[in-house]
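> Structure file input25.cif, mmCIF, C-alpha atoms, is pasted below:
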```cif
data_run
loop_
_atom_site.label_atom_id
_atom_site.label_comp_id
_atom_site.auth_asym_id
_atom_site.auth_seq_id
_atom_site.Cartn_x
_atom_site.Cartn_y
_atom_site.Cartn_z
CA ASP A 1 21.20 -22.38 0.69
CA ASP A 2 20.87 -26.11 0.05
CA VAL A 3 18.45 -25.83 -2.87
CA ASN A 4 19.17 -25.74 -6.60
CA GLN A 5 18.94 -22.00 -7.17
CA GLN A 6 18.88 -22.40 -10.93
CA GLU A 7 15.81 -24.65 -10.77
CA TRP A 8 14.06 -22.31 -8.33
CA ALA A 9 14.78 -19.29 -10.52
CA MET A 10 13.53 -20.95 -13.68
CA GLY A 11 10.47 -22.26 -11.86
CA ALA A 12 9.71 -18.73 -10.72
CA SER A 13 9.85 -17.49 -14.31
CA TYR A 14 6.87 -19.68 -15.17
CA TYR A 15 4.85 -17.63 -12.69
CA GLY A 16 6.06 -14.30 -14.01
CA LEU A 17 8.50 -13.76 -11.12
CA ARG A 18 11.88 -12.29 -11.98
CA SER A 19 14.91 -13.65 -10.19
CA PHE A 20 18.66 -13.15 -10.24
CA ASN A 21 20.00 -16.66 -9.61
CA SER A 22 19.44 -18.10 -13.05
CA TYR A 23 20.97 -19.07 -16.36
CA PHE A 24 19.05 -18.45 -19.56
CA ASN A 25 20.96 -19.81 -22.52
CA PRO A 26 19.70 -17.25 -25.11
CA LEU A 27 20.70 -14.33 -22.87
CA PRO A 28 23.20 -12.02 -24.64
CA TYR A 29 26.63 -12.14 -23.03
CA ARG A 30 26.70 -8.39 -22.31
CA GLN A 31 23.38 -8.54 -20.49
CA PHE A 32 24.46 -11.64 -18.57
CA SER A 33 27.68 -10.00 -17.43
CA GLU A 34 26.04 -6.69 -16.46
CA VAL A 35 22.95 -7.81 -14.52
CA TYR A 36 23.62 -11.41 -13.48
CA TYR A 37 23.72 -12.04 -9.74
CA HIS A 38 27.31 -11.53 -8.50
CA GLY A 39 26.98 -12.46 -4.84
CA PHE A 40 25.20 -10.96 -1.85
CA ARG A 41 25.27 -7.18 -1.86
CA GLY A 42 24.11 -4.55 0.59
CA ASP A 43 24.37 -1.45 -1.60
CA GLY A 44 20.95 -1.40 -3.27
CA TYR A 45 22.02 -3.57 -6.24
CA PHE A 46 18.97 -5.82 -6.06
CA GLU A 47 16.56 -3.03 -5.17
CA ILE A 48 17.63 -0.85 -8.11
CA LEU A 49 16.89 -3.76 -10.45
CA GLY A 50 13.48 -4.27 -8.80
CA GLY A 51 14.33 -7.11 -6.40
CA LYS A 52 11.52 -6.71 -3.88
CA TYR A 53 11.82 -10.06 -2.09
CA ALA A 54 14.71 -12.05 -0.59
CA LEU A 55 14.18 -15.75 0.11
CA CYS A 56 16.59 -17.72 2.28
CA LYS A 57 16.81 -20.37 4.98
CA ALA A 58 19.76 -19.11 7.02
CA CYS A 59 19.77 -15.35 6.37
CA ASP A 60 22.93 -13.47 7.27
CA THR A 61 22.97 -9.71 7.82
CA GLN A 62 24.55 -8.89 4.48
CA THR A 63 21.97 -10.90 2.56
CA ILE A 64 18.98 -9.05 3.99
CA ASN A 65 20.47 -5.58 4.37
CA GLY A 66 17.64 -3.15 3.53
CA TYR A 67 15.01 -5.90 3.72
CA LYS A 68 12.46 -6.55 6.50
CA PHE A 69 11.03 -9.88 7.58
CA TYR A 70 7.73 -10.63 5.85
CA LYS A 71 6.72 -14.22 6.57
CA ASP A 72 7.77 -17.86 6.88
CA ILE A 73 7.14 -20.36 4.08
CA LEU A 74 7.90 -23.88 5.29
CA ASP A 75 11.58 -23.76 6.34
CA TYR A 76 12.30 -20.52 4.49
CA LYS A 77 12.02 -16.88 5.45
CA VAL A 78 10.77 -14.20 3.09
CA TYR A 79 12.04 -10.63 3.43
CA VAL A 80 10.67 -7.60 1.59
CA SER A 81 12.08 -4.20 0.64
CA GLU A 82 9.88 -1.14 0.29
CA ARG A 83 12.69 0.62 -1.62
CA ALA A 84 12.73 -1.75 -4.57
CA LEU A 85 12.18 0.19 -7.78
CA PRO A 86 9.07 -0.65 -9.83
CA ARG A 87 9.08 -1.44 -13.54
CA TYR A 88 8.99 2.29 -14.33
CA PHE A 89 9.35 5.50 -12.31
CA LEU A 90 9.92 9.24 -12.74
CA ILE A 91 12.69 11.44 -11.37
CA GLY A 92 13.32 15.18 -11.33
CA ASN A 93 17.12 15.38 -11.18
CA VAL A 94 20.28 13.42 -11.97
CA ALA A 95 23.03 12.45 -9.52
CA GLY A 96 25.88 12.53 -12.00
CA ALA A 97 27.56 10.86 -14.97
CA ASN A 98 28.97 7.34 -15.25
CA ASN A 99 31.49 5.83 -17.64
CA ASN A 100 29.37 2.86 -18.72
CA SER A 101 31.61 0.31 -17.03
CA MET A 102 30.85 -2.30 -14.40
CA GLU A 103 33.64 -0.93 -12.19
CA ASP A 104 32.18 2.58 -12.31
CA TYR A 105 28.69 1.22 -11.67
CA MET A 106 29.78 -0.71 -8.59
CA GLY A 107 31.63 2.37 -7.38
CA TRP A 108 28.60 4.63 -7.02
CA LEU A 109 26.13 1.96 -5.90
CA GLY A 110 24.94 2.78 -2.39
CA SER A 111 26.05 6.40 -2.62
CA PHE A 112 22.81 7.99 -3.85
CA ASP A 113 19.05 7.86 -3.32
CA PHE A 114 18.05 5.80 -6.34
CA ARG A 115 14.35 6.47 -5.67
CA THR A 116 14.62 10.17 -6.47
CA THR A 117 17.66 10.54 -8.74
CA ALA A 118 19.79 8.57 -11.20
CA TYR A 119 23.13 8.36 -12.96
CA VAL A 120 23.29 8.94 -16.71
CA GLU A 121 25.98 7.77 -19.13
CA LYS A 122 28.80 10.27 -19.52
CA ASP A 123 28.18 11.22 -23.17
CA SER A 124 24.48 11.94 -22.55
CA PHE A 125 24.76 13.61 -19.16
CA PRO A 126 25.07 17.23 -20.42
CA GLU A 127 21.94 16.88 -22.56
CA VAL A 128 19.88 15.28 -19.79
CA ALA A 129 21.11 17.66 -17.07
CA SER A 130 20.46 20.68 -19.29
CA HIS A 131 16.91 19.54 -20.02
CA ILE A 132 15.99 18.79 -16.41
CA GLY A 133 17.78 21.78 -14.91
CA SER A 134 19.09 22.07 -11.38
CA SER A 135 15.87 22.30 -9.40
CA GLY A 136 16.71 19.13 -7.51
CA GLY A 137 13.16 18.89 -6.25
CA GLU A 138 10.79 15.98 -6.28
CA LEU A 139 9.14 15.43 -9.66
CA ARG A 140 5.38 15.63 -9.19
CA CYS A 141 3.35 14.08 -11.98
CA LEU A 142 -0.12 12.68 -12.43
CA THR A 143 0.54 9.35 -14.14
CA LYS A 144 -1.67 6.70 -15.68
CA GLU A 145 -0.72 3.45 -17.34
CA GLU A 146 -2.74 3.41 -20.54
CA LYS A 147 -1.62 0.09 -21.99
CA GLN A 148 0.84 -2.72 -21.37
CA THR A 149 1.52 -5.83 -23.47
CA VAL A 150 4.42 -8.29 -23.58
CA ASN A 151 6.49 -5.83 -25.64
CA THR A 152 4.85 -2.40 -25.25
CA LEU A 153 4.17 0.13 -22.52
CA THR A 154 2.14 3.33 -22.81
CA VAL A 155 1.98 5.82 -19.94
CA THR A 156 0.60 9.36 -19.63
CA ALA A 157 2.31 11.77 -17.23
CA ASN A 158 1.25 15.34 -16.53
CA CYS A 159 4.22 16.93 -14.75
CA GLY A 160 4.80 20.23 -12.98
CA GLN A 161 8.37 20.42 -14.29
CA LYS A 162 10.69 18.70 -16.75
CA GLY A 163 11.96 15.29 -15.73
CA LEU A 164 13.01 11.81 -16.75
CA PHE A 165 10.87 8.71 -17.25
CA VAL A 166 12.89 5.58 -16.38
CA LEU A 167 12.01 2.09 -17.57
CA ASN A 168 13.44 -0.61 -15.32
CA GLU A 169 14.30 -2.98 -18.14
CA TYR A 170 17.72 -3.90 -19.47
CA PHE A 171 19.09 -1.19 -21.76
CA THR A 172 19.21 -2.19 -25.41
CA ASP A 173 18.72 -0.50 -28.77
CA SER A 174 15.78 -2.84 -29.35
CA TRP A 175 13.62 -0.58 -27.17
CA LYS A 176 12.11 2.28 -29.20
CA ALA A 177 10.40 5.31 -27.67
CA GLU A 178 7.92 7.96 -28.71
CA LEU A 179 6.94 11.08 -26.81
CA ASN A 180 3.66 12.71 -27.77
CA GLY A 181 3.63 10.80 -31.04
CA LYS A 182 7.19 11.68 -32.11
CA PRO A 183 10.35 9.52 -31.92
CA ALA A 184 12.25 10.11 -28.69
CA LYS A 185 15.83 9.39 -27.71
CA VAL A 186 16.40 6.62 -25.18
CA PHE A 187 19.16 7.34 -22.65
CA ARG A 188 21.14 4.79 -20.65
CA VAL A 189 20.33 5.33 -16.98
CA ASN A 190 21.80 3.64 -13.88
CA PHE A 191 24.00 1.57 -16.20
CA THR A 192 21.30 -1.00 -17.03
CA GLN A 193 18.06 1.01 -17.31
CA MET A 194 16.51 3.34 -19.89
CA GLY A 195 15.27 6.91 -19.67
CA VAL A 196 13.14 9.24 -21.79
CA LEU A 197 13.10 13.02 -21.21
CA LEU A 198 9.76 14.49 -20.17
CA ASP A 199 8.45 17.99 -20.80
CA LYS A 200 6.56 20.15 -18.36
CA GLY A 201 2.85 19.50 -18.76
CA PRO A 202 1.18 16.51 -20.44
CA ASN A 203 3.35 13.70 -21.82
CA LEU A 204 2.39 10.54 -23.67
CA ILE A 205 5.24 8.03 -23.40
CA GLU A 206 5.15 5.00 -25.67
CA LEU A 207 7.82 2.29 -25.47
CA ARG A 208 8.08 -0.77 -27.68
CA TYR A 209 10.52 -3.68 -27.62
CA SER A 210 11.22 -4.34 -31.28
CA PRO A 211 14.49 -6.21 -31.97
CA THR A 212 15.62 -5.97 -35.58
CA LEU A 213 16.45 -9.68 -35.82
CA PHE A 214 12.95 -10.62 -34.70
CA ILE A 215 11.35 -8.38 -37.31
CA VAL A 216 13.60 -9.84 -40.04
CA LEU A 217 12.72 -13.38 -38.99
CA LEU A 218 9.01 -12.54 -39.14
CA TYR A 219 9.41 -11.71 -42.80
#
```
Mind converting the file's structure to C-alpha cells?

Amino acid sequence: DDVNQQEWAMGASYYGLRSFNSYFNPLPYRQFSEVYYHGFRGDGYFEILGGKYALCKACDTQTINGYKFYKDILDYKVYVSERALPRYFLIGNVAGANNNSMEDYMGWLGSFDFRTTAYVEKDSFPEVASHIGSSGGELRCLTKEEKQTVNTLTVTANCGQKGLFVLNEYFTDSWKAELNGKPAKVFRVNFTQMGVLLDKGPNLIELRYSPTLFIVLLY
C-alpha cells in the first residue's frame, strides 16, 4: 500500500521472516527472476513458496484469494493460508513434467493440488515417475526432524510406499543430499524446489547447503 515494501521486507528478514517484496543485492539473477514477487496472484504462487501470511491495508479480492482473515495490527489486516507449504514435505505421486521455463511454470500453477503432488522437470520425470509408481495415493510416513542448522537438514521418514521428499528451498546445485548415508540425486520439483526419492521403509535424508565458491573462499 503506502509503505516502503522493500524496507518492510528487509526488516522482516532480521526476525527470520521470509518475504517476497524485497531486493537483496547478492541474489543471483536466475533466482531473482524465478522467485521474485511478480504482482498479486491467486493461483497458489505464494502458498507453494511457503507464503503463509498476507499483510495489507486495503485488501482486494485477488490479493487475499485463498487466505482467511487472521487479525488486525494497527491499520493493517493480516490474512493466513492453511495451504501454504512448509519448509519440507512428502508426496506420493507426481502431477506431470515441466519444461523448466517460467512460462511453463505459470501455465500449470493453480491446476493441481500442490499439497499432495508436484511437477518434475521434463528430463527427470521418467525416473521419478518410475520410482514412485502410479499408486496416486497419499504418502503415509512417520517423520522426525533429527537436526537443523543454518545450512543442514536431517530428517528420518519411515514410509509405507516409495515417495518424494521435497525441500521448499530454491533449487541450486549447491544443495547436496544423502539418503541412508549414500549420495542421492536432487531433482528439480515445482520449478523452484528440490526433491529426493524415498524408498519404502526407513529413510534417513540429509541435506546440506555447500556452495563451491564458499568452500574455496574458506581455504
> Record the distance separating CA of Asn98 in chain A and CA of Lys122 in chain A, expressed in Å with one decimal.
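Value for the CA of Asn98 in chain A-CA of Lys122 in chain A distance: 5.2 Å.
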> Please evaluate the PyMOL selection byres ((chain A and resi 9) around 9) against the structure above and give the resulting residues as a list of chain:residue names.
A:Asn4, A:Gln5, A:Gln6, A:Glu7, A:Trp8, A:Met10, A:Gly11, A:Ala12, A:Ser13, A:Leu17, A:Arg18, A:Ser19, A:Phe20, A:Asn21, A:Ser22, A:Tyr23
> Nearest to Glu206 in chain A: which of A:Leu179, A:Leu109, A:Leu85, A:Ala118 is it, counting all atoms listed in the file?
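That would be A:Leu179, the residue with the smallest distance to Glu206 in chain A.
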> Need to verify the contact set: Gly96 in chain A, 10 Å, only C-alpha atoms, exclusion of same-chain residues closer than 5 positions in sequence. Can you return it as a CSV table (one decimal) with C-alpha atoms, keeping the file's coordinate frame?

```csv
chain,number,residue,atom,x,y,z
A,108,TRP,CA,28.6,4.6,-7.0
A,112,PHE,CA,22.8,8.0,-3.8
A,117,THR,CA,17.7,10.5,-8.7
A,118,ALA,CA,19.8,8.6,-11.2
A,119,TYR,CA,23.1,8.4,-13.0
A,120,VAL,CA,23.3,8.9,-16.7
A,121,GLU,CA,26.0,7.8,-19.1
A,122,LYS,CA,28.8,10.3,-19.5
A,125,PHE,CA,24.8,13.6,-19.2
A,126,PRO,CA,25.1,17.2,-20.4
A,129,ALA,CA,21.1,17.7,-17.1
A,190,ASN,CA,21.8,3.6,-13.9
```
> In Å to one decimal, how far is CA of Gln148 in chain A from CA of Arg188 in chain A?
21.7 Å
> Nearest to Glu103 in chain A among A:Gly195, A:Lys52, A:Glu34, A:Ser210, with distances taken over only C-alpha atoms: which residue is it?
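Residue with the minimum atom-to-atom distance to Glu103 in chain A: A:Glu34.
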> Can you translate the PyMOL selection byres ((chain A and resi 208) around 6) into the concrete residues it hits in this file, as a PyMOL selection string?
chain A and resi 151-152+175-176+207+209-210
> Report as a ChimeraX atom specification all protein, DNA and RNA residues lying within 12 Å of Asp72 in chain A, evaluated on all atoms listed in the file, omitting residues in the same chain fewer than 3 positions from it.
/A:54-57,69,75-80
> Given the file above and the PyMOL selection byres ((chain A and resi 169) around 10), which residues are selected, and can you give them as a list in words?
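Taken over the shown coordinates, the PyMOL selection byres ((chain A and resi 169) around 10) returns Leu49, Gly50, Arg87, Tyr88, Val166, Leu167, Asn168, Tyr170, Phe171, Thr172, Trp175, Thr192, Gln193 and Met194 of chain A.
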> How far is it from CA of Ile64 in chain A to CA of Leu27 in chain A, in Å with one decimal?
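Between CA of Ile64 in chain A and CA of Leu27 in chain A the gap works out to 27.4 Å.
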> With only C-alpha atoms as the atoms that count, which of A:Ala177, A:Cys59, A:Val94, A:Ile48 lies nearest to Glu138 in chain A?
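Among the listed residues, A:Val94 lies closest to Glu138 in chain A.
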> Identify the residues around (0.9, 18.2, -8.4) within a radius of 9 Å, measuring from only C-alpha atoms in the coordinates stated by the file, and give them as a short mmCIF file (atom, residue, chain, number, x, y, z; two decimals) with C-alpha atoms, keeping the file's coordinate frame.

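File produced: out10.cif:
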```cif
data_model
loop_
_atom_site.label_atom_id
_atom_site.label_comp_id
_atom_site.auth_asym_id
_atom_site.auth_seq_id
_atom_site.Cartn_x
_atom_site.Cartn_y
_atom_site.Cartn_z
CA LEU A 139 9.14 15.43 -9.66
CA ARG A 140 5.38 15.63 -9.19
CA CYS A 141 3.35 14.08 -11.98
CA LEU A 142 -0.12 12.68 -12.43
CA ASN A 158 1.25 15.34 -16.53
CA CYS A 159 4.22 16.93 -14.75
CA GLY A 160 4.80 20.23 -12.98
#
```
> Please determine, counting all atoms listed in the file, which residue among A:Ser101, A:Asn93, A:Ser81, A:Asn203 has the shortest atom-to-atom distance to Glu145 in chain A.
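Comparing A:Ser101, A:Asn93, A:Ser81, A:Asn203 against Glu145 in chain A, the winner is A:Asn203.
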> Taking into account only C-alpha atoms, which residue in the set A:Gln161, A:Asn100, A:Thr154, A:Thr116 is nearest to Asp199 in chain A?
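Ranking A:Gln161, A:Asn100, A:Thr154, A:Thr116 by distance to Asp199 in chain A, first place goes to A:Gln161.
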> Select, from A:Gly163, A:Gly51, A:Gly107, A:Gly44, the residue with the minimum atom-to-atom distance to Gly66 in chain A, counting all atoms listed in the file.
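For Gly66 in chain A, the nearest of the given residues is A:Gly44.
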> Please provide as a PDB file with C-alpha atoms, in the coordinates of the input all residues within 9 Å of Gly42 in chain A, with the sequence filter that same-chain residues fewer than 6 positions apart are discarded (counting all atoms listed in the file).

```pdb
ATOM      1  CA  THR A  61      22.970  -9.710   7.820  1.00  0.00           C
ATOM      2  CA  GLN A  62      24.550  -8.890   4.480  1.00  0.00           C
ATOM      3  CA  THR A  63      21.970 -10.900   2.560  1.00  0.00           C
ATOM      4  CA  ILE A  64      18.980  -9.050   3.990  1.00  0.00           C
ATOM      5  CA  ASN A  65      20.470  -5.580   4.370  1.00  0.00           C
ATOM      6  CA  GLY A  66      17.640  -3.150   3.530  1.00  0.00           C
ATOM      7  CA  GLY A 110      24.940   2.780  -2.390  1.00  0.00           C
TER       8      GLY A 110
END
```
